[in-house]
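J.: My structure is below; once you've seen it, I'll send some questions.
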Amino acid sequence: MLIELDEAGWELADAWEEVPKYRRIAVVVETAGGAVEATTYVCADDRGAVPVDDERLALHSEAEVDAAIRRFRRR
């Protein structure tokens with residue numbers, strides 16, 4: 001899913017992604033409508049990164065992500 005963020009949105013995203021643990025990079029995403037320039041976060045120190053190398057689409061379950069969002073909102 002691609003979303004558009006304003007300055008406040010980027011501040012929230014940076015806090016969520018624990019910048020500088022993660023950093024933003026420019027990417028090109030292939031969509032049904034064609035290629036789109038976008039930004040994503042990558043681990044700044046790949047020694048701590050764990051790739052998803054099985055059938056999962058992500059490292060965390062939906063329940064884990066929901067719990068993290070609830071904790072983040074309390075800040």
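Labeling convention for the structure tokens: chains A, B, ... as they appear, residues from 1 per chain, ligands from 1 in order of appearance.
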As a ChimeraX atom specification, please: all residues of chain A that backbone DSSP puts in helix (DSSP H, G or I).
T.: /A:7-16,46-48,62-73
J.: Find the residues near Ile25 (chain A): any atom within 12 Å, counting only C-alpha atoms, skip ones fewer than 4 places away on the same chain, and give them as an NGL selection string.
T.: :A and (37-44)
